[in-house]
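Q: Structure file coords_8.txt (compact mmCIF, C-alpha atoms (C1' of nucleotides)) right here:
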# COMPACT_ATOMS: atom_id res chain seq x y z
CA MET E 1 0.00 0.00 0.00
CA ILE E 2 3.04 2.23 -0.29
CA GLU E 3 2.36 5.27 -2.39
CA THR E 4 4.81 5.75 -5.23
CA GLY E 5 3.21 8.56 -7.24
CA ALA E 6 4.92 11.67 -8.51
CA ARG E 7 3.78 13.79 -5.58
CA ARG E 8 5.12 11.27 -3.13
CA ARG E 9 8.51 11.43 -4.82
CA GLU E 10 8.57 15.22 -4.46
CA ILE E 11 7.78 14.83 -0.79
CA ASP E 12 10.60 12.34 -0.35
CA GLU E 13 13.04 14.71 -2.02
CA VAL E 14 12.07 17.66 0.14
CA ALA E 15 12.17 15.52 3.28
CA SER E 16 15.58 14.17 2.31
CA GLU E 17 16.99 17.67 1.91
CA LEU E 18 15.58 18.86 5.23
CA PHE E 19 16.72 15.75 7.07
CA ARG E 20 20.18 16.26 5.63
CA ALA E 21 20.35 19.92 6.58
CA ASN E 22 18.79 19.77 10.05
CA GLY E 23 18.58 16.12 11.01
CA TYR E 24 15.52 13.90 11.28
CA ALA E 25 14.63 14.70 14.89
CA ALA E 26 14.97 18.46 14.41
CA THR E 27 12.79 18.45 11.28
CA SER E 28 9.06 18.59 11.94
CA ILE E 29 6.26 17.39 9.72
CA ARG E 30 5.19 21.01 9.49
CA ASP E 31 8.69 22.02 8.30
CA ILE E 32 8.43 19.57 5.44
CA ALA E 33 4.91 20.69 4.61
CA ARG E 34 5.96 24.35 4.62
CA ALA E 35 8.67 23.64 2.06
CA LEU E 36 5.95 22.14 -0.13
CA ASP E 37 3.51 25.03 0.46
CA MET E 38 0.97 22.96 2.28
CA GLN E 39 -0.34 22.23 5.76
CA GLY E 40 1.30 19.69 8.03
CA ALA E 41 -1.76 17.52 8.34
CA SER E 42 -2.07 17.30 4.56
CA LEU E 43 1.08 15.25 4.36
CA TYR E 44 -0.79 12.36 5.90
CA ALA E 45 -2.70 11.92 2.68
CA HIS E 46 0.60 10.68 1.23
CA VAL E 47 2.50 9.27 4.18
CA ALA E 48 1.47 7.05 7.07
CA SER E 49 3.97 8.50 9.53
CA LYS E 50 7.04 10.65 9.81
CA GLU E 51 9.18 7.58 10.24
CA ASP E 52 7.86 6.19 6.96
CA LEU E 53 9.45 9.19 5.26
CA LEU E 54 12.80 8.38 6.78
CA TRP E 55 12.37 4.73 5.95
CA ALA E 56 11.64 5.44 2.28
CA ILE E 57 14.88 7.42 2.01
CA VAL E 58 17.04 5.02 3.99
CA ASP E 59 15.68 1.88 2.35
CA ARG E 60 16.16 3.26 -1.12
CA ALA E 61 19.70 4.39 -0.32
CA ALA E 62 20.58 0.99 1.12
CA SER E 63 19.23 -0.71 -1.98
CA SER E 64 21.23 1.57 -4.23
CA PHE E 65 24.45 0.57 -2.50
CA GLU E 66 23.54 -3.11 -2.56
CA MET E 67 22.61 -3.11 -6.21
CA ALA E 68 25.74 -1.22 -7.20
CA ALA E 69 27.88 -3.69 -5.25
CA ASP E 70 26.06 -6.62 -6.87
CA ARG E 71 26.78 -5.20 -10.29
CA ALA E 72 30.42 -4.53 -9.43
CA ALA E 73 30.86 -8.05 -8.11
CA ASP E 74 29.25 -9.55 -11.20
CA GLU E 75 31.52 -7.63 -13.52
CA THR E 76 34.67 -8.71 -11.68
CA SER E 77 33.83 -12.27 -10.72
CA GLY E 78 36.93 -14.34 -11.30
CA ALA E 79 39.25 -11.35 -11.17
CA ASP E 80 41.80 -10.94 -8.40
CA ALA E 81 41.03 -9.31 -5.08
CA VAL E 82 42.58 -5.99 -6.05
CA GLU E 83 40.33 -5.59 -9.05
CA ARG E 84 37.30 -6.80 -7.14
CA LEU E 85 37.90 -4.29 -4.37
CA ALA E 86 38.52 -1.52 -6.88
CA ALA E 87 35.15 -2.24 -8.45
CA LEU E 88 33.42 -2.21 -5.06
CA VAL E 89 35.04 1.08 -4.09
CA GLU E 90 34.26 2.70 -7.42
CA ALA E 91 30.63 1.56 -7.25
CA HIS E 92 30.26 2.93 -3.74
CA VAL E 93 31.73 6.29 -4.64
CA GLU E 94 29.43 6.59 -7.63
CA VAL E 95 26.35 5.99 -5.50
CA VAL E 96 27.50 8.56 -2.95
CA LEU E 97 28.18 11.19 -5.59
CA ALA E 98 24.94 10.49 -7.45
CA ASP E 99 22.95 11.64 -4.40
CA PRO E 100 25.09 12.95 -1.54
CA GLY E 101 22.07 14.26 0.35
CA ARG E 102 20.35 10.90 0.49
CA THR E 103 23.62 9.22 1.39
CA SER E 104 24.13 11.68 4.20
CA VAL E 105 20.68 10.96 5.61
CA PHE E 106 21.26 7.24 5.22
CA VAL E 107 24.55 7.29 7.07
CA THR E 108 23.65 9.63 9.92
CA GLU E 109 19.88 9.27 10.50
CA TRP E 110 19.09 5.56 10.20
CA ARG E 111 19.45 5.19 13.96
CA HIS E 112 16.19 7.09 14.38
CA LEU E 113 14.29 4.20 12.83
CA SER E 114 12.53 2.11 15.42
CA GLY E 115 12.56 -1.58 16.19
CA GLY E 116 12.65 -3.97 13.27
CA ARG E 117 13.50 -1.43 10.64
CA ARG E 118 16.51 -0.26 12.56
CA ALA E 119 17.68 -3.81 13.08
CA ALA E 120 17.12 -4.61 9.42
CA ILE E 121 19.27 -1.69 8.31
CA ALA E 122 21.97 -2.60 10.82
CA GLY E 123 22.00 -6.11 9.39
CA ARG E 124 22.19 -4.95 5.80
CA ARG E 125 24.94 -2.55 6.75
CA ASP E 126 26.93 -5.33 8.35
CA ALA E 127 26.44 -7.58 5.34
CA TYR E 128 27.54 -4.79 3.03
CA GLU E 129 30.62 -4.06 5.07
CA ALA E 130 31.41 -7.79 5.10
CA ARG E 131 31.76 -7.71 1.32
CA PHE E 132 34.51 -5.15 1.64
CA ARG E 133 36.11 -6.90 4.59
CA GLU E 134 36.21 -10.28 2.88
CA THR E 135 37.53 -8.91 -0.36
CA ILE E 136 40.27 -7.13 1.56
CA ALA E 137 41.01 -10.32 3.52
CA ASP E 138 41.36 -12.16 0.22
CA GLY E 139 43.79 -9.58 -1.01
CA ILE E 140 45.84 -9.82 2.16
CA SER E 141 45.97 -13.62 2.01
CA ILE E 142 47.40 -13.62 -1.51
CA GLY E 143 49.87 -10.91 -0.61
CA ALA E 144 48.35 -8.27 -2.84
CA PHE E 145 47.70 -5.92 0.04
CA GLY E 146 49.97 -4.85 2.84
CA ALA E 147 49.30 -6.96 5.91
CA THR E 148 46.78 -4.83 7.71
CA ASP E 149 43.72 -5.91 9.64
CA ALA E 150 40.88 -6.46 7.18
CA ALA E 151 38.15 -5.28 9.54
CA ILE E 152 39.94 -2.04 10.33
CA ALA E 153 40.80 -1.45 6.72
CA ALA E 154 37.20 -1.97 5.64
CA ALA E 155 35.91 0.43 8.30
CA PHE E 156 38.59 2.97 7.41
CA ILE E 157 37.76 2.91 3.73
CA LEU E 158 33.99 2.85 4.09
CA THR E 159 33.86 5.76 6.52
CA ALA E 160 36.16 7.72 4.25
CA LEU E 161 33.92 7.00 1.27
CA ASN E 162 30.74 7.88 3.16
CA GLY E 163 32.43 11.03 4.38
CA ILE E 164 32.40 12.34 0.82
CA ALA E 165 28.70 13.07 1.33
CA THR E 166 29.57 15.51 4.11
CA TRP E 167 31.98 17.69 2.17
CA TYR E 168 31.15 17.25 -1.53
CA ARG E 169 29.51 20.25 -3.18
CA PRO E 170 28.27 19.81 -6.76
CA GLU E 171 29.10 23.44 -7.52
CA GLY E 172 32.66 22.96 -6.30
CA ARG E 173 36.04 23.19 -7.95
CA LEU E 174 36.19 19.66 -9.34
CA THR E 175 33.76 17.54 -11.29
CA SER E 176 32.34 14.50 -9.56
CA ASP E 177 34.19 12.27 -12.03
CA ARG E 178 37.54 13.70 -11.09
CA ILE E 179 36.71 13.46 -7.41
CA ALA E 180 35.70 9.84 -7.86
CA ASP E 181 39.02 9.09 -9.56
CA HIS E 182 40.99 10.69 -6.76
CA ILE E 183 39.06 8.95 -4.04
CA VAL E 184 39.37 5.52 -5.62
CA GLU E 185 43.09 6.11 -5.91
CA LEU E 186 43.42 7.14 -2.27
CA ALA E 187 41.38 4.19 -1.06
CA LEU E 188 43.32 1.62 -3.04
CA ARG E 189 46.67 3.10 -2.17
CA SER E 190 45.87 2.89 1.54
CA LEU E 191 46.05 -0.88 1.12
CA SER E 192 49.07 -0.99 -1.16
CA GLU E 193 51.85 -3.35 -0.19
CA ASP E 194 54.87 -1.15 -0.65
CA HIS E 195 55.30 2.14 1.09
CA ARG E 196 58.23 4.32 2.10
CA MET Q 222 30.04 32.33 34.87
CA ILE Q 223 30.50 28.83 33.46
CA GLU Q 224 30.15 26.23 36.15
CA THR Q 225 33.04 23.79 36.25
CA GLY Q 226 32.34 21.83 39.44
CA ALA Q 227 32.37 18.07 39.78
CA ARG Q 228 28.63 17.79 39.40
CA ARG Q 229 28.69 19.78 36.22
CA ARG Q 230 31.28 17.42 34.80
CA GLU Q 231 29.07 14.42 35.56
CA ILE Q 232 26.22 16.14 33.79
CA ASP Q 233 28.40 16.81 30.76
CA GLU Q 234 29.43 13.17 30.61
CA VAL Q 235 25.87 11.87 30.79
CA ALA Q 236 24.73 14.40 28.22
CA SER Q 237 27.58 13.46 25.91
CA GLU Q 238 26.66 9.79 26.08
CA LEU Q 239 22.97 10.46 25.40
CA PHE Q 240 23.73 12.88 22.56
CA ARG Q 241 25.99 10.28 21.04
CA ALA Q 242 23.45 7.48 21.32
CA ASN Q 243 20.30 9.37 20.29
CA GLY Q 244 21.41 12.68 18.88
CA TYR Q 245 21.07 16.15 20.37
CA ALA Q 246 17.62 16.96 19.03
CA ALA Q 247 16.15 13.62 20.09
CA THR Q 248 17.53 13.91 23.63
CA SER Q 249 15.40 15.93 26.02
CA ILE Q 250 16.48 17.73 29.13
CA ARG Q 251 14.32 15.29 31.04
CA ASP Q 252 16.14 12.34 29.45
CA ILE Q 253 19.43 13.67 30.75
CA ALA Q 254 17.95 14.38 34.17
CA ARG Q 255 16.47 10.87 34.38
CA ALA Q 256 19.90 9.32 33.74
CA LEU Q 257 21.14 11.37 36.69
CA ASP Q 258 18.16 10.47 38.91
CA MET Q 259 16.83 13.95 39.11
CA GLN Q 260 14.07 16.16 37.76
CA GLY Q 261 14.42 17.98 34.46
CA ALA Q 262 14.02 21.42 35.97
CA SER Q 263 16.80 20.72 38.47
CA LEU Q 264 19.36 20.70 35.69
CA TYR Q 265 18.93 24.42 35.34
CA ALA Q 266 20.73 24.89 38.64
CA HIS Q 267 23.86 23.80 36.73
CA VAL Q 268 23.21 24.74 33.13
CA ALA Q 269 21.81 27.87 31.53
CA SER Q 270 20.29 26.07 28.55
CA LYS Q 271 20.26 22.80 26.68
CA GLU Q 272 22.46 24.30 23.99
CA ASP Q 273 25.05 25.19 26.60
CA LEU Q 274 25.41 21.49 27.29
CA LEU Q 275 26.14 20.81 23.65
CA TRP Q 276 28.48 23.77 23.51
CA ALA Q 277 30.51 22.56 26.49
CA ILE Q 278 31.04 19.20 24.80
CA VAL Q 279 31.76 20.56 21.34
CA ASP Q 280 34.05 23.35 22.49
CA ARG Q 281 36.11 21.04 24.66
CA ALA Q 282 36.41 18.50 21.86
CA ALA Q 283 37.50 21.17 19.39
CA SER Q 284 40.11 22.42 21.85
CA SER Q 285 41.43 18.89 22.36
CA PHE Q 286 42.04 18.50 18.65
CA GLU Q 287 43.62 21.92 18.34
CA MET Q 288 45.92 21.41 21.29
CA ALA Q 289 46.98 17.98 20.11
CA ALA Q 290 47.75 19.37 16.66
CA ASP Q 291 49.72 22.23 18.20
CA ARG Q 292 51.81 19.79 20.16
CA ALA Q 293 52.35 17.57 17.13
CA ALA Q 294 53.42 20.54 15.03
CA ASP Q 295 55.81 21.72 17.71
CA GLU Q 296 57.48 18.37 17.98
CA THR Q 297 58.01 18.06 14.23
CA SER Q 298 58.82 21.64 13.28
CA GLY Q 299 61.65 21.50 10.79
CA ALA Q 300 60.96 17.91 9.80
CA ASP Q 301 59.78 16.99 6.32
CA ALA Q 302 56.14 16.99 5.28
CA VAL Q 303 55.76 13.24 5.65
CA GLU Q 304 56.81 13.29 9.27
CA ARG Q 305 54.76 16.37 10.01
CA LEU Q 306 51.66 14.81 8.54
CA ALA Q 307 52.31 11.57 10.38
CA ALA Q 308 52.44 13.49 13.64
CA LEU Q 309 49.19 15.30 12.84
CA VAL Q 310 47.43 12.07 11.95
CA GLU Q 311 48.68 10.27 15.01
CA ALA Q 312 47.64 13.13 17.27
CA HIS Q 313 44.18 13.20 15.76
CA VAL Q 314 43.68 9.46 16.15
CA GLU Q 315 44.76 9.62 19.76
CA VAL Q 316 42.21 12.31 20.56
CA VAL Q 317 39.46 10.33 18.85
CA LEU Q 318 40.31 7.12 20.69
CA ALA Q 319 40.68 8.89 24.04
CA ASP Q 320 36.99 9.82 23.94
CA PRO Q 321 35.09 8.42 20.96
CA GLY Q 322 31.73 9.47 22.38
CA ARG Q 323 32.66 13.12 22.66
CA THR Q 324 34.27 13.00 19.23
CA SER Q 325 31.12 11.52 17.77
CA VAL Q 326 29.00 14.30 19.26
CA PHE Q 327 31.48 16.89 18.05
CA VAL Q 328 31.48 15.62 14.50
CA THR Q 329 27.76 15.00 14.04
CA GLU Q 330 25.93 17.40 16.37
CA TRP Q 331 27.75 20.72 16.13
CA ARG Q 332 25.33 21.87 13.44
CA HIS Q 333 22.64 22.15 16.13
CA LEU Q 334 24.49 25.05 17.69
CA SER Q 335 22.93 28.37 16.83
CA GLY Q 336 24.32 31.52 15.32
CA GLY Q 337 27.76 32.63 16.39
CA ARG Q 338 28.74 29.40 18.10
CA ARG Q 339 27.98 27.41 15.01
CA ALA Q 340 29.95 29.81 12.86
CA ALA Q 341 32.85 29.75 15.31
CA ILE Q 342 33.05 25.96 15.19
CA ALA Q 343 32.80 25.96 11.41
CA GLY Q 344 35.73 28.38 11.31
CA ARG Q 345 37.86 26.39 13.70
CA ARG Q 346 37.06 23.26 11.75
CA ASP Q 347 38.17 24.90 8.53
CA ALA Q 348 41.38 26.13 10.13
CA TYR Q 349 42.08 22.68 11.51
CA GLU Q 350 41.49 21.04 8.16
CA ALA Q 351 43.77 23.63 6.55
CA ARG Q 352 46.68 22.36 8.64
CA PHE Q 353 46.24 18.94 7.12
CA ARG Q 354 45.66 20.30 3.64
CA GLU Q 355 48.75 22.50 3.69
CA THR Q 356 50.98 19.81 5.07
CA ILE Q 357 49.78 17.48 2.35
CA ALA Q 358 50.32 20.17 -0.27
CA ASP Q 359 53.89 20.58 1.00
CA GLY Q 360 54.44 16.87 0.66
CA ILE Q 361 53.10 16.86 -2.87
CA SER Q 362 55.25 19.79 -3.90
CA ILE Q 363 58.47 18.09 -2.79
CA GLY Q 364 57.42 14.83 -4.44
CA ALA Q 365 57.03 12.91 -1.20
CA PHE Q 366 53.38 12.15 -1.87
CA GLY Q 367 51.71 10.85 -4.99
CA ALA Q 368 50.30 13.79 -6.93
CA THR Q 369 46.78 13.87 -5.63
CA ASP Q 370 44.63 16.87 -4.85
CA ALA Q 371 45.55 18.13 -1.39
CA ALA Q 372 42.03 19.26 -0.50
CA ILE Q 373 40.48 15.94 -1.42
CA ALA Q 374 43.20 14.01 0.33
CA ALA Q 375 42.75 16.04 3.52
CA ALA Q 376 38.99 15.53 3.48
CA PHE Q 377 39.44 11.82 2.75
CA ILE Q 378 41.84 11.29 5.63
CA LEU Q 379 40.01 13.43 8.15
CA THR Q 380 36.63 11.82 7.55
CA ALA Q 381 38.26 8.40 7.79
CA LEU Q 382 39.89 9.35 11.09
CA ASN Q 383 36.68 10.84 12.49
CA GLY Q 384 34.85 7.73 11.36
CA ILE Q 385 36.76 5.74 13.94
CA ALA Q 386 34.45 7.22 16.56
CA THR Q 387 31.48 5.56 14.87
CA TRP Q 388 32.80 2.00 14.89
CA TYR Q 389 35.41 1.79 17.65
CA ARG Q 390 34.34 -0.23 20.70
CA PRO Q 391 36.70 -0.20 23.69
CA GLU Q 392 35.69 -3.77 24.54
CA GLY Q 393 36.53 -4.91 21.00
CA ARG Q 394 39.04 -7.32 19.60
CA LEU Q 395 42.01 -4.95 19.39
CA THR Q 396 43.54 -2.49 21.81
CA SER Q 397 43.26 1.16 20.98
CA ASP Q 398 47.04 1.31 20.52
CA ARG Q 399 47.01 -1.34 17.85
CA ILE Q 400 44.08 0.30 16.14
CA ALA Q 401 45.88 3.62 16.19
CA ASP Q 402 48.93 2.03 14.56
CA HIS Q 403 46.86 0.45 11.82
CA ILE Q 404 44.94 3.62 11.10
CA VAL Q 405 48.05 5.78 10.89
CA GLU Q 406 49.53 3.27 8.49
CA LEU Q 407 46.43 3.26 6.30
CA ALA Q 408 46.22 7.04 6.26
CA LEU Q 409 49.86 7.55 5.32
CA ARG Q 410 49.86 4.83 2.73
CA SER Q 411 46.88 6.43 0.98
CA LEU Q 412 49.25 9.25 0.07
CA SER Q 413 52.27 7.15 -0.79
CA GLU Q 414 53.94 7.85 -4.08
CA ASP Q 415 54.46 4.36 -5.45
CA HIS Q 416 51.65 1.92 -5.97
CA ARG Q 417 51.05 -1.06 -8.28
C1' DC X 135 23.72 28.56 66.61
C1' DG X 136 23.15 31.02 62.34
C1' DA X 137 24.30 32.49 57.62
C1' DC X 138 25.15 30.87 53.26
C1' DA X 139 25.72 28.31 49.20
C1' DA X 140 24.78 24.14 46.76
C1' DT X 141 21.50 20.95 45.31
C1' DC X 142 17.21 19.26 44.16
C1' DC X 143 12.15 19.56 44.46
C1' DT X 144 7.03 20.56 42.67
C1' DA X 145 4.17 23.14 39.70
C1' DA X 146 3.33 25.37 35.88
C1' DC X 147 3.95 28.41 31.42
C1' DG X 148 3.46 28.69 26.42
C1' DA X 149 5.03 26.50 22.35
C1' DT X 150 5.39 22.80 19.43
C1' DC X 151 5.18 17.94 18.42
C1' DG X 152 2.99 13.80 15.56
C1' DT X 153 -1.31 12.55 14.38
C1' DT X 154 -6.57 12.02 13.65
C1' DA X 155 -11.20 13.53 12.15
C1' DG X 156 -14.02 15.42 9.08
C1' DG X 157 -14.83 18.46 5.33
C1' DT X 158 -14.12 20.85 0.57
C1' DA X 159 -12.59 21.79 -4.30
C1' DG X 160 -11.67 20.13 -8.82
C1' DG X 161 -10.96 16.98 -12.46
C1' DA X 162 -11.81 12.15 -14.74
C1' DG X 163 -14.79 8.64 -16.30
C1' DC X 164 -19.31 6.77 -16.87
C1' DG N 95 -25.14 15.09 -14.48
C1' DC N 96 -23.41 12.08 -11.06
C1' DT N 97 -19.86 9.58 -8.91
C1' DC N 98 -15.42 8.89 -7.46
C1' DC N 99 -10.68 9.89 -6.57
C1' DT N 100 -6.88 12.85 -5.55
C1' DA N 101 -5.26 16.51 -3.09
C1' DC N 102 -5.66 19.65 0.10
C1' DC N 103 -7.95 22.23 4.03
C1' DT N 104 -9.25 23.62 9.21
C1' DA N 105 -9.58 22.25 13.85
C1' DA N 106 -8.26 19.85 17.42
C1' DC N 107 -6.31 15.84 20.46
C1' DG N 108 -2.95 14.56 24.02
C1' DA N 109 1.89 14.40 24.71
C1' DT N 110 6.13 16.43 25.27
C1' DC N 111 9.30 20.20 24.71
C1' DG N 112 12.64 23.93 26.99
C1' DT N 113 12.32 26.83 30.57
C1' DT N 114 10.96 29.77 34.83
C1' DA N 115 9.43 30.55 39.64
C1' DG N 116 9.63 29.64 44.15
C1' DG N 117 10.41 26.61 47.94
C1' DA N 118 12.71 22.71 50.75
C1' DT N 119 16.75 20.16 52.26
C1' DT N 120 21.48 19.60 53.32
C1' DG N 121 26.21 20.32 54.63
C1' DT N 122 29.92 23.94 55.56
C1' DC N 123 32.03 27.49 57.79
C1' DG N 124 32.06 31.26 60.98
Take the structure from the file and write it as structure tokens.
A:
Amino acid sequence: MIETGARRREIDEVASELFRANGYAATSIRDIARALDMQGASLYAHVASKEDLLWAIVDRAASSFEMAADRAADETSGADAVERLAALVEAHVEVVLADPGRTSVFVTEWRHLSGGRRAAIAGRRDAYEARFRETIADGISIGAFGATDAAIAAAFILTALNGIATWYRPEGRLTSDRIADHIVELALRSLSEDHR
Amino acid sequence: MIETGARRREIDEVASELFRANGYAATSIRDIARALDMQGASLYAHVASKEDLLWAIVDRAASSFEMAADRAADETSGADAVERLAALVEAHVEVVLADPGRTSVFVTEWRHLSGGRRAAIAGRRDAYEARFRETIADGISIGAFGATDAAIAAAFILTALNGIATWYRPEGRLTSDRIADHIVELALRSLSEDHR
DNA sequence: CGACAATCCTAACGATCGTTAGGTAGGAGC
DNA sequence: GCTCCTACCTAACGATCGTTAGGATTGTCG
């Protein structure tokens, strides 16, 4: 019974931007409505609850990352760990840069979901991180990466990649393509075997 | 007129933990009071406003980073860019690991400050990031680092270092010392000149 | 003993919160 | 022309928010 019409998509976009700028808890239903030139109560013709708004954003963002990682893994199945990790990193960066606002909400506001939804996102997050961790562990075991701890390396890289959403500005000095190139380079180099 | 007694410090600690777990906006004065076994109104014997609580945490965290960076810069003045950056990174990681909760509040909740305080923190943050950026730019110019963009590299490293606060658990598998070593290694390698 | 400061209390204020109920305007399809 | 659906409205609900006012208790120091 989830509404998916054009109006609902506008509402999701406005909510995403306000959640990003002010946070979920500090954004009221009436704030969102005001940005859409309507009354707070009117939003309930489109949405069952405030949390449903957050859920729509977070769930879609999580799916975007999962699908991009699936695609990256498909395209590099059989390749060595370095290439597989490069594909994962590149896919992640592309999703972040395609919608930094949504990514920002996803990363910082999912904890405001309640009960099962929160647990579900935590689980998907863990599973997603495990892809990175295991690929890094593979690379370490074949000597392609410097011998670091795979769990730490995965956390390091993923938080750095998600951090892009906090500082990237589309109107900035560099195009998103060039930023993506730089970031992928930094991430892969952090695992390189030879240094100094 | 800022109270600095022992009781006030307890209040700051409890508030920091609740802000970290639930966010500033989703934490009420009465939540904080309940964790201290007192009534919400009683907190105002120690604190002028809810925002003052956030300010105390954020300001102290910002000062910790600044002082640690000052010390690191002092100890490596005259050294080459690689060593100077290493000292900055190590100092930052140590501050994060010394109090991940406070760091987490600092990084994610400072936007809830109003007016001048918010602007002041934004300025100090920019100045702090500039230290990293300029040290990296120095390293690039003398060929010690791979030719990446200094601004992107600084943002990449700093968000990765701040990210530690979101996943580090003191009761975890590794000691904070070992984690610090790994992280410093990852951060420095991401800038290394030779790779592949 | 008495003054004082620190600490916490109860009660209440006006504002705002998420949400529900019930109604209205306008266009689409028969 | 009538019905139905979509999209919005006004009004209000009970809860909770940050905060203030004023009083009680307690221990310290003279």
Q: Please identify every residue of chain Q that has at least one atom no more than 10 Å from any atom of chain X, counting all atoms listed in the file, and report them as a list in words.
A: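 The selection requested is Arg228, Met259, Gln260, Ala262, Ser263, Leu264, Ala266 and His267 of chain Q.
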Q: Any idea what the distance is between CA of Ser176 (chain E) and CA of Ala98 (chain E)?
A: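 Pair CA of Ser176 (chain E) / CA of Ala98 (chain E) returns 8.7 Å.
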Q: Quick one: everything within 9 Å of Gly23 (chain E), counting all atoms listed in the file, minus sequence neighbours fewer than 4 positions away in the same chain. Send it as a compact mmCIF listing (two decimals) with C-alpha atoms, in the frame of the given file.
A:
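See out-v6.txt below for the written result:
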# COMPACT_ATOMS: atom_id res chain seq x y z
CA LEU E 18 15.58 18.86 5.23
CA PHE E 19 16.72 15.75 7.07
CA THR E 27 12.79 18.45 11.28
CA VAL E 105 20.68 10.96 5.61
CA THR E 108 23.65 9.63 9.92
CA GLU E 109 19.88 9.27 10.50
CA ALA Q 246 17.62 16.96 19.03
CA HIS Q 333 22.64 22.15 16.13
Q: Counting only C-alpha atoms, which residues of chain Q come no farther than 6 Å from chain E, as a PyMOL selection string?
A: chain Q and resi 246-247+377+380-381+384+407+410-411
Q: Return as CSV the residues of chain N lying at most 9 Å from chain E, together with the closest atom-to-atom pair for each and the distance in Å to one decimal, counting only C-alpha atoms (C1' of nucleotides), with rows in chain order and ascending residue number.
A:
residue,atom,partner,partner_atom,distance
N:DA101,C1',E:Ala45,CA,7.8
N:DC102,C1',E:Ser42,CA,6.2
N:DC103,C1',E:Ser42,CA,7.7
Q: Write the residues of the selection above to a file with C-alpha atoms (C1' of nucleotides), as a short mmCIF file (atom, residue, chain, number, x, y, z; two decimals), in the coordinates of the input.
A:
data_model
loop_
_atom_site.label_atom_id
_atom_site.label_comp_id
_atom_site.auth_asym_id
_atom_site.auth_seq_id
_atom_site.Cartn_x
_atom_site.Cartn_y
_atom_site.Cartn_z
"C1'" DA N 101 -5.26 16.51 -3.09
"C1'" DC N 102 -5.66 19.65 0.10
"C1'" DC N 103 -7.95 22.23 4.03
#
Q: Work out how far apart CA of Ala254 (chain Q) and CA of Pro391 (chain Q) are and give it in Å to one decimal.
A: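 Between CA of Ala254 (chain Q) and CA of Pro391 (chain Q) the gap is 26.0 Å.
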Q: Considering only C-alpha atoms (C1' of nucleotides), return as a count of residues only whatever protein or nucleic-acid residues lie within 12 Å of Ala269 (chain Q), sequence-local ones (same chain, fewer than 2 positions apart) excluded.
A: 21
